[in-house]
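Quick notes on the structure that follows.
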2 protein chains.
Amino acid sequence: MANQPLVRKHSGDFHWEGVDVLAYKQEGSAPFKDVTRQVLFDSAEPAAQLRYFEVAAGGHTTLERHEHVHSVMVIRGRGQCLVGDQAYELGANDLVAVPPMTWHQFRAAPDSPLGFLCLVAAQRDRPQLPAAGEIEAIIRPLKKIGV
Amino acid sequence: MANQPLVRKHSGDFHWEGVDVLAYKQEGSAPFKDVTRQVLFDSAEPAAQLRYFEVAAGGHTTLERHEHVHSVMVIRGRGQCLVGDQAYELGANDLVAVPPMTWHQFRAAPDSPLGFLCLVAAQRDRPQLPAAGEIEAIIRPLKKIGV
């Protein structure tokens, strides 16, 4: 990213010149469905990355937790998130903070994508996945809001 | 911001629950016109701040430079920016990188606000302003695109 152009025009549909649309994670490495990833800024200073994630309609990110925090702004579509023991409906421009070691998951609505910016530290710990027996209790708040 | 709620709903018109709309800078401290500032995330880790700035129609930010870098995404309206020796038209979802010690300014269109997210290091140097005799040469690229 060292030689990135200073201004990168939005080329429509949440794509940008010179920004690759990446797989969210390596297929098979963790459970997820229909998610892409774009690294928008990756600067040495501040030691942070701003990424754009897009979850396709009906898709979801991995249910996971880690020491590093996420700072999120929804910029496209609708969906829900789980953060700790609560689930929330999400729409354009809503903000989400994911504290350390807090189970979290982002889900697109059945009929809409969910696109969001996510700010993280460039150096960060690897996510932990729940044990199979833990999942049902962790995602219970999502079921309460009818996801 | 330590006790901020995990999810802050967009309450319309680019305002968020519990987020104060601040003056851009102290009045009289530097030249600017019609700009507000909102600190969306201010986390100890990563050592970065994500702010939302909104320049009213016809307004502009200070023409300045500094060692710290800016990473910007436009999320509302239209305008222009100057970065170094080039000016650019800006619209929704365009990305702008401002390198160290590079003169820059954001200007809203005459008939539209310009709202953008700006990621910076939490610890950063103070901006430098141009000398009066330097301004004309610095802003020449903006005049070329008819601002």
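Labels used: A, B, ... for chains in the order of the structure tokens, numbers from 1 for residues in each chain, and numbers from 1 for ligands as shown.
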
Any idea what's packed within 9 Å of range 96-102 of chain B, counting only C-alpha atoms, ignoring anything in its chain fewer than 2 positions away? Could you give it as a tab-separated table (two decimals) with N, CA, C and O atoms, in the first residue's frame?
chain	number	residue	atom	x	y	z
A	4	GLN	N	0.18	3.61	-2.87
A	4	GLN	CA	-1.22	3.80	-3.25
A	4	GLN	C	-1.45	5.24	-3.68
A	4	GLN	O	-0.85	6.17	-3.13
A	5	PRO	N	-2.33	5.46	-4.68
A	5	PRO	CA	-2.68	6.83	-5.05
A	5	PRO	C	-3.34	7.53	-3.87
A	5	PRO	O	-3.97	6.88	-3.03
A	6	LEU	N	-3.19	8.85	-3.81
A	6	LEU	CA	-3.72	9.59	-2.66
A	6	LEU	C	-5.24	9.60	-2.64
A	6	LEU	O	-5.85	9.58	-1.58
A	7	VAL	N	-5.83	9.64	-3.81
A	7	VAL	CA	-7.30	9.61	-3.88
A	7	VAL	C	-7.71	8.41	-4.73
A	7	VAL	O	-7.19	8.23	-5.84
A	8	ARG	N	-8.58	7.58	-4.18
A	8	ARG	CA	-9.08	6.44	-4.93
A	8	ARG	C	-10.59	6.59	-5.03
A	8	ARG	O	-11.31	6.51	-4.04
A	9	LYS	N	-11.06	6.84	-6.26
A	9	LYS	CA	-12.48	7.08	-6.49
A	9	LYS	C	-13.27	5.80	-6.26
A	9	LYS	O	-12.84	4.70	-6.64
A	41	PHE	N	-7.20	1.24	4.10
A	41	PHE	CA	-6.01	1.97	4.53
A	41	PHE	C	-5.19	1.04	5.40
A	41	PHE	O	-5.74	0.37	6.27
B	64	GLU	N	-3.73	23.22	5.77
B	64	GLU	CA	-2.69	22.94	6.76
B	64	GLU	C	-1.86	21.72	6.36
B	64	GLU	O	-2.19	21.01	5.40
B	65	ARG	N	-0.78	21.49	7.12
B	65	ARG	CA	0.01	20.27	6.96
B	65	ARG	C	0.60	19.88	8.31
B	65	ARG	O	0.65	20.69	9.24
B	66	HIS	N	1.00	18.61	8.43
B	66	HIS	CA	1.54	18.08	9.69
B	66	HIS	C	2.20	16.75	9.41
B	66	HIS	O	2.03	16.16	8.32
B	67	GLU	N	2.95	16.25	10.40
B	67	GLU	CA	3.66	14.98	10.23
B	67	GLU	C	2.71	13.78	10.22
B	67	GLU	O	2.96	12.79	9.53
B	68	HIS	N	1.63	13.86	11.01
B	68	HIS	CA	0.73	12.70	11.07
B	68	HIS	C	-0.09	12.60	9.78
B	68	HIS	O	-0.32	13.59	9.10
B	69	VAL	N	-0.48	11.37	9.45
B	69	VAL	CA	-1.22	11.12	8.22
B	69	VAL	C	-2.73	11.07	8.50
B	69	VAL	O	-3.13	10.80	9.63
B	70	HIS	N	-3.52	11.35	7.48
B	70	HIS	CA	-4.97	11.21	7.53
B	70	HIS	C	-5.39	10.10	6.57
B	70	HIS	O	-4.88	10.04	5.44
B	71	SER	N	-6.35	9.29	6.99
B	71	SER	CA	-6.98	8.32	6.10
B	71	SER	C	-8.48	8.63	6.10
B	71	SER	O	-9.12	8.55	7.14
B	72	VAL	N	-9.00	8.98	4.95
B	72	VAL	CA	-10.33	9.59	4.86
B	72	VAL	C	-11.25	8.77	3.95
B	72	VAL	O	-10.82	8.27	2.91
B	73	MET	N	-12.52	8.62	4.35
B	73	MET	CA	-13.57	8.14	3.44
B	73	MET	C	-14.75	9.10	3.47
B	73	MET	O	-15.29	9.38	4.54
B	74	VAL	N	-15.14	9.57	2.30
B	74	VAL	CA	-16.33	10.42	2.18
B	74	VAL	C	-17.56	9.54	2.37
B	74	VAL	O	-17.66	8.48	1.75
B	81	CYS	N	-11.05	18.11	-2.69
B	81	CYS	CA	-9.94	18.21	-1.75
B	81	CYS	C	-8.69	18.61	-2.50
B	81	CYS	O	-8.54	18.36	-3.70
B	83	VAL	N	-4.68	17.85	-2.10
B	83	VAL	CA	-3.66	17.05	-1.41
B	83	VAL	C	-2.37	17.30	-2.16
B	83	VAL	O	-2.20	16.85	-3.30
B	84	GLY	N	-1.46	18.03	-1.51
B	84	GLY	CA	-0.19	18.36	-2.16
B	84	GLY	C	-0.43	19.26	-3.35
B	84	GLY	O	-1.09	20.29	-3.23
B	85	ASP	N	0.06	18.85	-4.51
B	85	ASP	CA	-0.05	19.72	-5.68
B	85	ASP	C	-1.19	19.33	-6.62
B	85	ASP	O	-1.21	19.71	-7.78
B	94	ASP	N	-15.57	7.83	-1.72
B	94	ASP	CA	-14.20	8.04	-2.19
B	94	ASP	C	-13.23	8.02	-1.00
B	94	ASP	O	-13.59	8.39	0.12
B	104	HIS	N	-3.10	20.26	2.68
B	104	HIS	CA	-4.39	19.66	2.33
B	104	HIS	C	-5.53	20.53	2.82
B	104	HIS	O	-5.40	21.28	3.80
B	128	GLN	N	0.56	22.80	10.96
B	128	GLN	CA	1.21	24.06	10.55
B	128	GLN	C	0.31	24.76	9.53
B	128	GLN	O	-0.29	24.12	8.68

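Take CA of Ala121 in chain B and CA of Asp42 in chain B: the distance between them is 9.9 Å.
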
Pro31 in chain A surroundings by only C-alpha atoms, 9 Å radius, close-in-sequence under 2 positions cut, as a ChimeraX atom specification: /A:27-29,33,60-63,129

Report as a list in words all protein, DNA and RNA residues lying within 10 Å of Gly12 in chain A, evaluated on only C-alpha atoms, omitting residues in the same chain fewer than 2 positions from it.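 Neighbouring residues, sequence-local ones excluded: Lys9, His10, Phe14, His15, Trp16 and Glu17 of chain A; Ala92, Asn93 and Asp94 of chain B.
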
List every residue of chain A that DSSP, applied to the backbone of this structure, assigns to helix (DSSP H, G or I), and report them as an MDAnalysis selection string. chainID A and resid 132:138 140:144

May I have the residues from that selection written out with N, CA and C atoms, as a CSV table (one decimal), in the first residue's frame?
chain,number,residue,atom,x,y,z
A,132,ALA,N,-18.1,-26.5,20.2
A,132,ALA,CA,-19.4,-26.8,19.6
A,132,ALA,C,-20.5,-26.7,20.7
A,133,GLY,N,-20.2,-27.2,21.9
A,133,GLY,CA,-21.2,-27.2,22.9
A,133,GLY,C,-21.6,-25.8,23.5
A,134,GLU,N,-20.8,-24.8,23.1
A,134,GLU,CA,-21.0,-23.4,23.7
A,134,GLU,C,-21.9,-22.6,22.7
A,135,ILE,N,-22.0,-23.0,21.4
A,135,ILE,CA,-22.5,-22.1,20.4
A,135,ILE,C,-24.0,-21.7,20.7
A,136,GLU,N,-24.8,-22.7,21.1
A,136,GLU,CA,-26.2,-22.4,21.3
A,136,GLU,C,-26.4,-21.3,22.3
A,137,ALA,N,-25.7,-21.4,23.4
A,137,ALA,CA,-25.9,-20.4,24.5
A,137,ALA,C,-25.4,-19.0,24.0
A,138,ILE,N,-24.3,-19.0,23.3
A,138,ILE,CA,-23.7,-17.7,22.9
A,138,ILE,C,-24.7,-17.0,21.9
A,140,ARG,N,-27.9,-17.2,21.6
A,140,ARG,CA,-29.3,-17.1,22.1
A,140,ARG,C,-29.8,-15.7,21.9
A,141,PRO,N,-29.1,-14.6,22.2
A,141,PRO,CA,-29.6,-13.3,22.0
A,141,PRO,C,-30.1,-13.0,20.6
A,142,LEU,N,-29.4,-13.5,19.6
A,142,LEU,CA,-29.8,-13.3,18.2
A,142,LEU,C,-31.1,-14.0,17.9
A,143,LYS,N,-31.4,-15.1,18.5
A,143,LYS,CA,-32.7,-15.8,18.3
A,143,LYS,C,-33.8,-14.9,18.9
A,144,LYS,N,-33.5,-14.2,20.0
A,144,LYS,CA,-34.6,-13.4,20.6
A,144,LYS,C,-35.0,-12.3,19.7

Straight-line distance linking CA of Ile145 in chain B with CA of Lys25 in chain B, stated in Å to one decimal: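 About the pair CA of Ile145 in chain B and CA of Lys25 in chain B: they are 27.3 Å apart.
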
Residue nearest chain A - candidates B:Ala109, B:Leu90, B:Val55, B:Leu22, atoms counted: only C-alpha atoms: B:Leu90

Cut-off 6 Å: closest range 42-106 of chain A/range 110-117 of chain A atom pairs per residue, using only C-alpha atoms, as CSV:
residue,atom,partner,partner_atom,distance
A:Arg51,CA,A:Leu117,CA,5.5
A:Tyr52,CA,A:Leu117,CA,4.5
A:Phe53,CA,A:Phe116,CA,5.4
A:Glu54,CA,A:Gly115,CA,4.2
A:Val55,CA,A:Leu114,CA,5.1
A:Ala56,CA,A:Pro113,CA,4.5
A:Ala57,CA,A:Pro113,CA,4.4
A:Gly58,CA,A:Pro110,CA,4.3
A:Val72,CA,A:Leu117,CA,5.5
A:Met73,CA,A:Leu117,CA,5.2
A:Val74,CA,A:Phe116,CA,4.1
A:Ile75,CA,A:Phe116,CA,5.3
A:Arg76,CA,A:Gly115,CA,4.6
A:Gly77,CA,A:Leu114,CA,4.7
A:Arg78,CA,A:Leu114,CA,5.2
A:Gly79,CA,A:Leu114,CA,5.9

Keeping C-alpha atoms, export the residues of the selection given above as a short mmCIF file (atom, residue, chain, number, x, y, z; two decimals), in the first residue's frame.
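That gives us selection-v4.cif:
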data_model
loop_
_atom_site.label_atom_id
_atom_site.label_comp_id
_atom_site.auth_asym_id
_atom_site.auth_seq_id
_atom_site.Cartn_x
_atom_site.Cartn_y
_atom_site.Cartn_z
CA ARG A 51 -11.14 -2.50 6.32
CA TYR A 52 -14.46 -2.79 4.46
CA PHE A 53 -16.34 -6.02 4.93
CA GLU A 54 -19.43 -6.95 2.99
CA VAL A 55 -21.71 -9.77 4.06
CA ALA A 56 -24.07 -10.88 1.27
CA ALA A 57 -27.80 -11.20 1.97
CA GLY A 58 -28.30 -14.16 4.31
CA VAL A 72 -17.29 -0.65 13.26
CA MET A 73 -19.51 1.64 11.18
CA VAL A 74 -22.22 0.19 8.94
CA ILE A 75 -22.20 1.96 5.57
CA ARG A 76 -24.39 -0.33 3.45
CA GLY A 77 -27.57 -2.31 3.93
CA ARG A 78 -29.05 -3.93 7.02
CA GLY A 79 -28.55 -6.80 9.39
#

Could you tell me, as number ranges by chain, which residues of range 13-121 of chain A DSSP assigns to strand (DSSP E or B) when given the backbone? A: 15-16, 22-23, 33-43, 48-60, 64-65, 70-77, 79-83, 86-90, 95-98, 104-108, 114-121

Pairwise distance for CA of Ser11 in chain B and CA of Gln49 in chain A, rounded to one decimal in Å: 26.6 Å
